[in-house]
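Enquirer: Before I ask anything, let me first share the structure, which is written out below as structure tokens.
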2 protein chains.
Amino acid sequence: MGRWQPDARGRLQLAALELYLEHGYEQTTVSEIAARAGLTERTFFRHFADKREVIFDGQDEFRAMFVSAVAEAPDDATPLQAVAAALHGAAAQFEPRRPWSLQRQRVVAANPSLQERELIKLSGVATAIAAALRDRGVGEPTASLIAQAGMGVFHVAFARWIADDNTRPFSEIIAESLAVLNGAFTL
Amino acid sequence: MGRWQPDARGRLQLAALELYLEHGYEQTTVSEIAARAGLTERTFFRHFADKREVIFDGQDEFRAMFVSAVAEAPDDATPLQAVAAALHGAAAQFEPRRPWSLQRQRVVAANPSLQERELIKLSGVATAIAAALRDRGVGEPTASLIAQAGMGVFHVAFARWIADDNTRPFSEIIAESLAVLNGAFTL
């Protein structure tokens, strides 16, 4: 290839997502992804270990984003407030990437093995949030229960945010979801 | 085998679990499971499609138990009360089977592909509970949020119940978990 490639990574991701949606995830090869992006397979493998990694790129940053938001919440924040702050932080990060998230979700929804991986990812984030809460001095089972509830809110709110007919910002849906859950518990 | 086998299914399950714990899930063959149970491979396949099914036997009943408990909750029960009733029903069903649950959990914890399947199972139950709540007239996102929170409680409470040093009944741990979450939301 010789010449410098601006954002080869981003081009590979878009090409992969296009092909996964057009032909199906299983049917798409790395060779096809590279060709669609106008790059070589070798370049693909410089950025991603395999075609699944394209979908789960940024997983570590995703978890770290929640963990650091929980850690950085004010000292007097309740465990739920710390997790709520992390959810709002995540919503702000996701907001500008809605078109990507929407297409990515279509690919995941069409493929059971990707759905499994997605659930593992969210479960791992819940575990990491629980650890971050314990680091703030929150005991068990509170830490794990709040972490699980928080990821449950993320899961439901995310699905609503990327629904075809949604026009509301992610943070608004997060706030509504937390309020609904709060109302359910105080009834 | 010719002669009638009392509870061949149960013997196969125990034999499988023993072998999975002794030699690892991946390393164990159906032939070994049948031999340990004193049965033929053919008998194994009359009861289970494959060795993974032994671990996830009763999955449909597990989901149905939650769904029917939610459906049968009193008309004036709040969504959370209906799910709490389902969790207590599940706890009562699980209680006498703690030794099995404990060993099963060890096998699942040692095998990532079984963990994925377990998460898919719990996710499917959450989806089914949400549908059962909607059938009671509960709107969205309340139905999905309560269902997710309920399965989060189940997940955390289950882990505590089968902890080596636990001596408390499952239902007590469920009640405590719901109270903790309630406290977190009303803070």
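Chain identifiers are assigned as A, B, and so on, following the order in which chains appear in the structure tokens; residues are numbered from 1 within each chain, and ligands are numbered from 1 in order of appearance.
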Excluding B:Ala109 and any residue of its chain fewer than 4 positions from it, enumerate the residues within 12 Å of it, using only C-alpha atoms, and give them as a PyMOL selection string.

Expert: chain B and resi 20-21+24-25+101-105+113-119+159

Enquirer: Per residue of chain B within 8 Å of chain A, note the shortest atom pair and the distance in Å to one decimal, counting only C-alpha atoms, and order the rows by chain and increasing residue number, as a Markdown table.

Expert:
```
| residue | atom | partner | partner_atom | distance |
| --- | --- | --- | --- | --- |
| B:Thr78 | CA | A:Leu187 | CA | 7.7 |
| B:Pro79 | CA | A:Ala184 | CA | 7.4 |
| B:Leu80 | CA | A:Ala184 | CA | 6.4 |
| B:Glu116 | CA | A:Glu116 | CA | 5.8 |
| B:Arg117 | CA | A:Glu116 | CA | 7.4 |
| B:Leu119 | CA | A:Leu119 | CA | 6.6 |
| B:Ile120 | CA | A:Glu116 | CA | 6.4 |
| B:Pro141 | CA | A:Ser177 | CA | 7.0 |
| B:Thr142 | CA | A:Val180 | CA | 6.3 |
| B:Ser144 | CA | A:Val156 | CA | 6.6 |
| B:Leu145 | CA | A:Val153 | CA | 6.3 |
| B:Ile146 | CA | A:Leu181 | CA | 6.9 |
| B:Gln148 | CA | A:Gly152 | CA | 5.2 |
| B:Ala149 | CA | A:Ala149 | CA | 5.1 |
| B:Gly152 | CA | A:Gln148 | CA | 5.2 |
| B:Val153 | CA | A:Leu145 | CA | 6.3 |
| B:Val156 | CA | A:Leu145 | CA | 6.5 |
| B:Ser177 | CA | A:Pro141 | CA | 7.0 |
| B:Val180 | CA | A:Thr142 | CA | 6.3 |
| B:Leu181 | CA | A:Leu145 | CA | 6.6 |
| B:Asn182 | CA | A:Phe185 | CA | 5.5 |
| B:Ala184 | CA | A:Leu80 | CA | 6.4 |
| B:Phe185 | CA | A:Asn182 | CA | 5.5 |
| B:Thr186 | CA | A:Thr186 | CA | 6.3 |
| B:Leu187 | CA | A:Thr78 | CA | 7.6 |
```

Enquirer: For the residues selected in the previous step, produce a file with C-alpha atoms as a short mmCIF file (atom, residue, chain, number, x, y, z; two decimals), in the first residue's frame.

Expert:
```
data_model
loop_
_atom_site.label_atom_id
_atom_site.label_comp_id
_atom_site.auth_asym_id
_atom_site.auth_seq_id
_atom_site.Cartn_x
_atom_site.Cartn_y
_atom_site.Cartn_z
CA THR B 78 -47.34 -4.00 41.86
CA PRO B 79 -45.00 -5.12 39.05
CA LEU B 80 -42.18 -5.40 41.57
CA GLU B 116 -22.27 -17.68 27.93
CA ARG B 117 -25.13 -20.11 27.68
CA LEU B 119 -26.21 -15.62 30.58
CA ILE B 120 -28.34 -16.22 27.47
CA PRO B 141 -40.18 0.62 29.89
CA THR B 142 -41.45 -0.42 33.34
CA SER B 144 -38.45 -4.52 30.97
CA LEU B 145 -36.76 -2.52 33.72
CA ILE B 146 -38.43 -4.49 36.52
CA GLN B 148 -34.04 -6.89 34.35
CA ALA B 149 -33.79 -5.75 37.96
CA GLY B 152 -30.18 -9.05 38.55
CA VAL B 153 -31.44 -9.86 42.05
CA VAL B 156 -26.60 -11.95 42.82
CA SER B 177 -31.46 -8.52 48.27
CA VAL B 180 -31.14 -3.75 49.89
CA LEU B 181 -32.12 -2.63 46.40
CA ASN B 182 -35.23 -0.99 47.78
CA ALA B 184 -30.72 2.01 47.55
CA PHE B 185 -33.53 3.46 45.48
CA THR B 186 -35.26 5.25 48.31
CA LEU B 187 -32.07 6.87 49.62
#
```

Enquirer: So that I can see what lies close to stretch 131-139 of chain A, please list as a list of chain:residue names the residues with an atom at most 7 Å from it, counting only C-alpha atoms and leaving out residues fewer than 5 positions away in the same chain.

Expert: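 The residues that qualify are A:Val67, A:Val70, A:Ala71, A:Pro79.
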
Enquirer: List as a list of chain:residue names the protein and nucleic acid residues near B:Pro99, meaning an atom at most 12 Å away when only C-alpha atoms are counted, but skip any in the same chain fewer than 3 places from it.

Expert: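 That gives B:Leu14, B:Leu17, B:Phe94, B:Glu95, B:Pro96, B:Leu102, B:Gln103, B:Arg104, B:Gln105, B:Arg106, B:Trp161, B:Ile162, B:Ala163, B:Asp164.
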
Enquirer: Excluding stretch 45-49 of chain A and its own-chain neighbours fewer than 6 positions away, which residues fall within 10 Å of it when counting only C-alpha atoms? Please give them as number ranges by chain.

Expert: A: 8-10, 12-13, 30, 34, 55-57

Enquirer: Going by DSSP on the backbone, which bits of chain A are helix (DSSP H, G or I)? Write them as a PyMOL selection string, please.

Expert: chain A and resi 8-23+30-37+41-47+51-55+59-72+79-109+112-135+142-161+170-186

Enquirer: Please identify all polymer residues within 9 Å of B:Leu87, counting only C-alpha atoms, omitting same-chain residues fewer than 2 positions from it, and present them as a ChimeraX atom specification.

Expert: /B:66,69,82-85,89-92,150-151,153-154,171,174

Enquirer: Would you work out the distance separating atom CA of B:Ala64 from atom CA of B:Ala175, expressed in Å to one decimal?

Expert: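 Interatomic distance here is 21.4 Å.
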
Enquirer: Can you work out the spacing between atom CA of A:Ala128 and atom CA of A:Phe62 in Å, to one decimal?

Expert: 11.0 Å

Enquirer: When you count only C-alpha atoms, which of these residues is closest to B:Gly124: B:Arg36, B:Lys51, B:Arg63, B:Arg11?

Expert: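 Once distances to B:Gly124 are computed over only C-alpha atoms, the minimum belongs to B:Arg63.
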
Enquirer: Counting only C-alpha atoms, which residue out of B:Val107, B:Val54, B:Ala130, B:Ala86 sits closest to B:Ser68?

Expert: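 Looking only at the distances to B:Ser68, the closest residue turns out to be B:Ala86.
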